[in-house]
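Data block for query-v9.cif (mmCIF, C-alpha atoms):
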data_model
loop_
_atom_site.label_atom_id
_atom_site.label_comp_id
_atom_site.auth_asym_id
_atom_site.auth_seq_id
_atom_site.Cartn_x
_atom_site.Cartn_y
_atom_site.Cartn_z
CA VAL A 20 0.00 0.00 0.00
CA SER A 21 1.43 3.38 -1.01
CA PRO A 22 1.91 6.20 1.53
CA GLU A 23 -0.63 8.27 -0.41
CA SER A 24 -3.27 5.52 -0.07
CA LYS A 25 -2.67 5.35 3.66
CA ARG A 26 -3.13 9.10 3.99
CA LEU A 27 -6.34 9.00 1.92
CA LEU A 28 -7.65 6.21 4.16
CA ARG A 29 -6.79 8.24 7.24
CA ILE A 30 -8.69 11.22 5.85
CA ALA A 31 -11.72 9.03 5.03
CA LEU A 32 -11.74 7.52 8.52
CA ALA A 33 -11.41 10.97 10.11
CA SER A 34 -14.40 12.18 8.07
CA TYR A 35 -16.42 9.15 9.13
CA PHE A 36 -15.49 9.76 12.77
CA ALA A 37 -16.56 13.40 12.50
CA GLY A 38 -19.91 12.33 11.03
CA ALA A 39 -20.41 9.81 13.82
CA ILE A 40 -19.77 12.48 16.43
CA LEU A 41 -22.12 14.96 14.74
CA MET A 42 -24.81 12.32 14.16
CA PRO A 43 -24.50 9.61 16.87
CA TYR A 44 -25.64 6.22 15.59
CA GLN A 45 -28.51 5.35 17.94
CA SER A 46 -29.90 8.85 18.23
CA PHE A 47 -29.64 9.42 14.50
CA LEU A 48 -31.28 6.10 13.61
CA GLN A 49 -34.15 6.57 16.07
CA THR A 50 -34.82 10.07 14.76
CA ALA A 51 -34.61 8.92 11.14
CA GLU A 52 -37.14 6.16 11.78
CA ARG A 53 -39.45 8.53 13.66
CA VAL A 54 -39.50 11.15 10.88
CA ARG A 55 -39.58 8.45 8.18
CA TYR A 56 -36.24 9.49 6.76
CA ASP A 57 -37.22 13.09 6.09
CA ILE A 58 -33.75 14.33 5.19
CA GLU A 59 -34.42 18.02 5.69
CA LEU A 60 -35.79 17.42 9.20
CA LEU A 61 -32.67 15.39 9.97
CA CYS A 62 -30.56 18.30 8.71
CA GLN A 63 -32.29 20.62 11.18
CA ARG A 64 -32.13 18.17 14.09
CA PHE A 65 -28.41 17.42 13.74
CA ASP A 66 -27.25 20.75 12.28
CA ALA A 67 -25.82 19.02 9.22
CA THR A 68 -25.93 19.58 5.48
CA PHE A 69 -28.08 17.60 3.06
CA GLU A 70 -25.02 15.74 1.78
CA GLN A 71 -23.76 14.92 5.28
CA VAL A 72 -27.12 13.46 6.30
CA CYS A 73 -27.41 11.39 3.11
CA HIS A 74 -23.87 10.12 3.57
CA ARG A 75 -24.60 9.14 7.18
CA LEU A 76 -27.78 7.31 6.17
CA THR A 77 -25.71 4.85 4.13
CA SER A 78 -23.86 3.73 7.29
CA MET A 79 -26.89 2.64 9.35
CA GLN A 80 -26.29 -1.11 9.02
CA ARG A 81 -25.07 -2.13 12.47
CA PRO A 82 -26.23 -5.70 13.28
CA GLY A 83 -29.35 -5.54 15.44
CA ALA A 84 -29.89 -1.84 14.72
CA GLN A 85 -30.27 -1.50 10.98
CA GLY A 86 -31.87 1.32 9.08
CA VAL A 87 -32.91 1.38 5.44
CA PRO A 88 -30.04 0.13 3.24
CA PHE A 89 -29.38 3.17 1.05
CA PHE A 90 -27.10 3.83 -1.88
CA PHE A 91 -25.63 7.28 -2.43
CA ILE A 92 -24.18 9.11 -5.42
CA ARG A 93 -22.84 12.63 -5.95
CA VAL A 94 -22.58 14.09 -9.44
CA ASP A 95 -21.63 17.42 -10.94
CA PRO A 96 -23.44 19.19 -13.82
CA ALA A 97 -21.14 17.48 -16.34
CA GLY A 98 -22.23 14.06 -15.07
CA ASN A 99 -18.96 13.21 -13.31
CA ILE A 100 -19.43 10.99 -10.27
CA SER A 101 -17.32 12.16 -7.32
CA LYS A 102 -18.83 9.97 -4.58
CA ARG A 103 -20.57 6.61 -4.64
CA LEU A 104 -21.57 4.50 -1.65
CA SER A 105 -23.86 1.51 -1.43
CA ALA A 106 -25.36 -0.32 1.53
CA GLY A 107 -28.23 -1.70 -0.54
CA GLY A 108 -26.59 -3.75 -3.28
CA PHE A 109 -26.89 -1.06 -5.95
CA HIS A 110 -24.24 -1.43 -8.66
CA PHE A 111 -22.37 1.60 -10.00
CA ALA A 112 -20.27 1.78 -13.13
CA ARG A 113 -16.59 2.20 -12.30
CA PHE A 114 -16.05 4.59 -15.19
CA GLY A 115 -18.27 7.12 -16.96
CA GLY A 116 -21.32 8.94 -15.71
CA ALA A 117 -24.66 7.69 -14.45
CA CYS A 118 -27.63 6.98 -16.70
CA PRO A 119 -29.11 10.28 -18.00
CA ARG A 120 -32.64 8.93 -17.38
CA TRP A 121 -31.99 8.93 -13.63
CA ASN A 122 -33.45 12.08 -12.10
CA VAL A 123 -30.31 12.93 -10.15
CA HIS A 124 -29.40 15.00 -13.24
CA GLU A 125 -32.77 16.76 -13.26
CA ALA A 126 -32.03 18.14 -9.79
CA PHE A 127 -29.80 20.82 -11.34
CA ARG A 128 -32.88 22.26 -13.10
CA ASN A 129 -34.72 22.43 -9.77
CA PRO A 130 -32.15 23.67 -7.22
CA GLY A 131 -33.05 22.91 -3.62
CA LYS A 132 -36.12 20.87 -4.55
CA ILE A 133 -36.42 17.18 -3.69
CA ILE A 134 -37.27 15.03 -6.71
CA THR A 135 -38.44 11.43 -6.44
CA GLN A 136 -38.45 8.58 -8.94
CA VAL A 137 -38.86 4.82 -9.19
CA ILE A 138 -36.13 3.32 -11.37
CA GLU A 139 -35.59 -0.19 -12.69
CA MET A 140 -32.24 -1.69 -13.58
CA PRO A 141 -31.76 -4.13 -16.48
CA ASP A 142 -31.93 -7.07 -14.04
CA LYS A 143 -35.50 -5.91 -13.16
CA THR A 144 -34.55 -4.77 -9.65
CA ALA A 145 -36.51 -1.61 -8.80
CA TYR A 146 -35.33 1.21 -6.55
CA PHE A 147 -36.89 4.33 -5.05
CA SER A 148 -34.69 7.37 -5.59
CA VAL A 149 -34.56 10.79 -3.91
CA SER A 150 -32.46 13.53 -5.53
CA ARG A 151 -31.59 17.12 -4.66
CA THR A 152 -28.83 19.64 -5.18
CA THR A 153 -26.42 20.13 -2.31
CA ASP A 154 -26.22 23.19 -0.13
CA ASN A 155 -24.03 25.81 -1.76
CA THR A 156 -20.41 25.94 -0.57
CA SER A 157 -18.77 29.26 -1.28
CA ALA A 158 -15.49 29.10 -3.18
CA GLY A 159 -14.81 32.75 -2.60
CA TYR A 160 -15.68 35.93 -4.43
CA GLN A 161 -15.25 35.79 -8.24
CA MET A 162 -14.56 32.06 -8.05
CA PRO A 163 -16.75 29.43 -9.80
CA GLN A 164 -19.24 28.00 -7.32
CA PRO A 165 -19.15 24.20 -7.11
CA GLN A 166 -22.46 22.49 -7.90
CA TYR A 167 -23.40 18.95 -7.00
CA ALA A 168 -26.52 16.84 -6.90
CA ILE A 169 -27.10 13.97 -4.51
CA GLY A 170 -28.96 10.79 -5.39
CA LEU A 171 -30.10 8.64 -2.46
CA GLY A 172 -32.09 5.47 -2.95
CA CYS A 173 -33.17 2.07 -1.67
CA GLU A 174 -34.76 -1.07 -3.00
CA ILE A 175 -38.48 -0.71 -3.68
CA SER A 176 -39.27 -3.15 -0.85
CA ASN A 177 -38.08 -0.51 1.65
CA ALA A 178 -39.64 2.51 -0.07
CA ALA A 179 -42.76 2.61 2.12
CA ARG A 180 -40.52 3.46 5.09
CA LEU A 181 -39.65 6.78 3.42
CA ILE A 182 -41.93 9.80 3.69
CA TYR A 183 -41.12 10.59 0.06
CA SER A 184 -43.02 7.53 -1.16
CA ASP A 185 -46.37 8.81 0.15
CA GLY A 186 -48.77 9.09 -2.75
CA TYR A 187 -46.88 6.58 -4.88
CA ASP A 188 -48.47 3.39 -6.09
CA LEU A 189 -45.26 1.42 -5.65
CA GLY A 190 -46.66 -1.57 -7.49
CA ASN A 191 -47.58 0.42 -10.61
CA ALA A 192 -45.15 -0.58 -13.34
CA LYS A 193 -46.19 2.42 -15.46
CA ARG A 194 -44.46 4.79 -13.04
CA VAL A 195 -41.15 2.95 -13.28
CA THR A 196 -38.33 4.50 -15.33
CA PRO A 197 -35.98 1.94 -16.92
CA VAL A 198 -32.35 2.98 -16.42
CA GLY A 199 -28.92 1.39 -16.89
CA LEU A 200 -25.50 1.60 -15.29
CA THR A 201 -23.98 3.64 -18.09
CA CYS A 202 -24.48 3.68 -21.86
CA ARG A 203 -21.47 1.48 -22.61
CA LEU A 204 -22.84 -1.26 -20.33
CA CYS A 205 -26.56 -0.82 -21.03
CA GLU A 206 -28.20 -3.06 -23.62
CA ARG A 207 -31.61 -1.38 -23.62
CA SER A 208 -32.75 -0.60 -27.15
CA GLY A 209 -34.87 2.33 -28.30
CA CYS A 210 -33.43 4.80 -25.77
CA SER A 211 -33.41 8.41 -26.96
CA HIS A 212 -30.92 9.34 -24.21
CA ARG A 213 -28.23 6.95 -25.41
CA ALA A 214 -24.84 8.61 -25.90
CA PHE A 215 -22.81 5.52 -26.86
CA PRO A 216 -23.58 2.06 -28.21
CA PRO A 217 -23.18 -0.90 -25.81
CA LEU A 218 -19.78 -2.57 -25.84
CA SER A 219 -21.32 -6.04 -25.93
CA ARG A 220 -23.44 -5.60 -29.10
CA ASN A 221 -22.71 -5.22 -32.80
CA LEU A 222 -23.93 -2.02 -34.46
CA ILE A 223 -26.51 -1.96 -37.23
CA VAL A 224 -25.54 0.73 -39.74
CA ASP A 225 -28.38 1.63 -42.14
CA GLU A 226 -28.27 5.04 -43.82
CA ASN A 227 -31.93 4.63 -44.86
CA LEU A 228 -33.26 4.11 -41.35
CA LYS A 229 -33.68 6.66 -38.57
CA THR A 230 -35.06 5.79 -35.13
CA VAL A 231 -35.50 7.46 -31.76
CA SER A 232 -32.11 6.10 -30.66
CA PRO A 233 -28.94 7.38 -32.34
CA PHE A 234 -27.52 3.84 -32.31
CA LEU A 235 -29.05 0.61 -33.58
CA PHE A 236 -27.58 -2.68 -32.49
CA HIS A 237 -28.35 -6.39 -32.54
CA SER A 238 -30.26 -7.51 -29.45
CA GLN A 239 -28.56 -10.89 -29.60
CA ASP A 240 -25.18 -11.99 -30.86
#
Starting from the file, lay out its structure as structure tokens.
Amino acid sequence: VSPESKRLLRIALASYFAGAILMPYQSFLQTAERVRYDIELLCQRFDATFEQVCHRLTSMQRPGAQGVPFFFIRVDPAGNISKRLSAGGFHFARFGGACPRWNVHEAFRNPGKIITQVIEMPDKTAYFSVSRTTDNTSAGYQMPQPQYAIGLGCEISNAARLIYSDGYDLGNAKRVTPVGLTCRLCERSGCSHRAFPPLSRNLIVDENLKTVSPFLFHSQD
């Protein structure tokens, strides 16, 4: 292990320790369950930012005292992923951005507003997602202000525990948005958001045919 890796690990552990002090496990979990994971109420109760609370929610998996298993992602307006955490089995692509059909990107068009969505991965696993921009962090006068959006989610089986799912018919397949890991790994056809063809399929090139997707490919090898 390189000295740099050790220092990065030390920084990560120090950040986790600070979060645990600011939001003690038992108190935080009990409050989260009582308010049905209302993130903004948790921000007020523990004097923490939206991102800090979402990050802490992913660590509530102590045996015998488990909260909702969440996954967490932080993206910038260009789609770059700068943080990804998963306590709920959600799979992230190691390289590239997240699927553009996931509403974490829409959060930038609605700053400060919580947006909800039910998404379905190619393996048919469905998740309930909550997205919002982060609280602004000043970079100083005349400096570009950093912008991030947070995506927090859980498997659909746990969605009823979240206040954000009120009013949803969680069993209604029509309200589910099919998404993928990233375009290069997604084999869904007919997607108007596709930026690249899938690596695992052969392209169909037909200059006389135009479809909703910019790339046509064989569904089977």
Apply the PyMOL selection byres ((chain A and resi 95) around 7) to the displayed file and report the matching residues as a ChimeraX atom specification. /A:94,96-100,166-168
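You will find atom CA of Leu181 of chain A at 20.1 Å from atom CA of Gly83 of chain A.
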Taking the file above as input, evaluate the PyMOL selection byres ((chain A and resi 142-154) around 7) and report the hits as an NGL selection string. :A and (68-70 or 122-123 or 126-127 or 130-141 or 155-156 or 167-175 or 178)
Going by the chain IDs and residue numbers used in this file, which residues fall under the PyMOL selection byres ((chain A and resi 41-50) around 12)? Write them as an MDAnalysis selection string. chainID A and resid 34:40 51:58 60:68 71:81 83:87
Expected file: the selected residues, C-alpha atoms, as a PDB file, in the coordinates of the input:
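Final output, saved to part15.pdb:
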ATOM      1  CA  SER A  34     -14.400  12.180   8.070  1.00  0.00           C
ATOM      2  CA  TYR A  35     -16.420   9.150   9.130  1.00  0.00           C
ATOM      3  CA  PHE A  36     -15.490   9.760  12.770  1.00  0.00           C
ATOM      4  CA  ALA A  37     -16.560  13.400  12.500  1.00  0.00           C
ATOM      5  CA  GLY A  38     -19.910  12.330  11.030  1.00  0.00           C
ATOM      6  CA  ALA A  39     -20.410   9.810  13.820  1.00  0.00           C
ATOM      7  CA  ILE A  40     -19.770  12.480  16.430  1.00  0.00           C
ATOM      8  CA  ALA A  51     -34.610   8.920  11.140  1.00  0.00           C
ATOM      9  CA  GLU A  52     -37.140   6.160  11.780  1.00  0.00           C
ATOM     10  CA  ARG A  53     -39.450   8.530  13.660  1.00  0.00           C
ATOM     11  CA  VAL A  54     -39.500  11.150  10.880  1.00  0.00           C
ATOM     12  CA  ARG A  55     -39.580   8.450   8.180  1.00  0.00           C
ATOM     13  CA  TYR A  56     -36.240   9.490   6.760  1.00  0.00           C
ATOM     14  CA  ASP A  57     -37.220  13.090   6.090  1.00  0.00           C
ATOM     15  CA  ILE A  58     -33.750  14.330   5.190  1.00  0.00           C
ATOM     16  CA  LEU A  60     -35.790  17.420   9.200  1.00  0.00           C
ATOM     17  CA  LEU A  61     -32.670  15.390   9.970  1.00  0.00           C
ATOM     18  CA  CYS A  62     -30.560  18.300   8.710  1.00  0.00           C
ATOM     19  CA  GLN A  63     -32.290  20.620  11.180  1.00  0.00           C
ATOM     20  CA  ARG A  64     -32.130  18.170  14.090  1.00  0.00           C
ATOM     21  CA  PHE A  65     -28.410  17.420  13.740  1.00  0.00           C
ATOM     22  CA  ASP A  66     -27.250  20.750  12.280  1.00  0.00           C
ATOM     23  CA  ALA A  67     -25.820  19.020   9.220  1.00  0.00           C
ATOM     24  CA  THR A  68     -25.930  19.580   5.480  1.00  0.00           C
ATOM     25  CA  GLN A  71     -23.760  14.920   5.280  1.00  0.00           C
ATOM     26  CA  VAL A  72     -27.120  13.460   6.300  1.00  0.00           C
ATOM     27  CA  CYS A  73     -27.410  11.390   3.110  1.00  0.00           C
ATOM     28  CA  HIS A  74     -23.870  10.120   3.570  1.00  0.00           C
ATOM     29  CA  ARG A  75     -24.600   9.140   7.180  1.00  0.00           C
ATOM     30  CA  LEU A  76     -27.780   7.310   6.170  1.00  0.00           C
ATOM     31  CA  THR A  77     -25.710   4.850   4.130  1.00  0.00           C
ATOM     32  CA  SER A  78     -23.860   3.730   7.290  1.00  0.00           C
ATOM     33  CA  MET A  79     -26.890   2.640   9.350  1.00  0.00           C
ATOM     34  CA  GLN A  80     -26.290  -1.110   9.020  1.00  0.00           C
ATOM     35  CA  ARG A  81     -25.070  -2.130  12.470  1.00  0.00           C
ATOM     36  CA  GLY A  83     -29.350  -5.540  15.440  1.00  0.00           C
ATOM     37  CA  ALA A  84     -29.890  -1.840  14.720  1.00  0.00           C
ATOM     38  CA  GLN A  85     -30.270  -1.500  10.980  1.00  0.00           C
ATOM     39  CA  GLY A  86     -31.870   1.320   9.080  1.00  0.00           C
ATOM     40  CA  VAL A  87     -32.910   1.380   5.440  1.00  0.00           C
TER      41      VAL A  87
END
Rounded to one decimal place, report the atom CA of Asp225 of chain A-atom CA of Ser208 of chain A distance in Å.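 Straight-line distance from atom CA of Asp225 of chain A to atom CA of Ser208 of chain A works out to 15.8 Å.
Using all atoms listed in the file, the shortest contact distance between Gly116 of chain A and any of A:Ala33, A:Leu189, A:Val195, A:Leu204 is found at A:Leu204.
The coordinates place atom CA of Val198 of chain A at 6.0 Å from atom CA of Arg120 of chain A.
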I want to know what sits within 8 Å of Phe234 of chain A, based on only C-alpha atoms, with residues of the same chain fewer than 3 positions away left out; could you give that as a list in words?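 Answer for this query is Arg213, Phe215, Pro216, Leu222 and Ile223 of chain A.
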Centre, edges in Å (one decimal): axis-aligned box, segment 94-112 of chain A, 6 Å padding on all six sides, as AutoDock Vina command-line options:
--center_x -22.8 --center_y 7.7 --center_z -7.4 --size_x 22.9 --size_y 34.9 --size_z 29.9
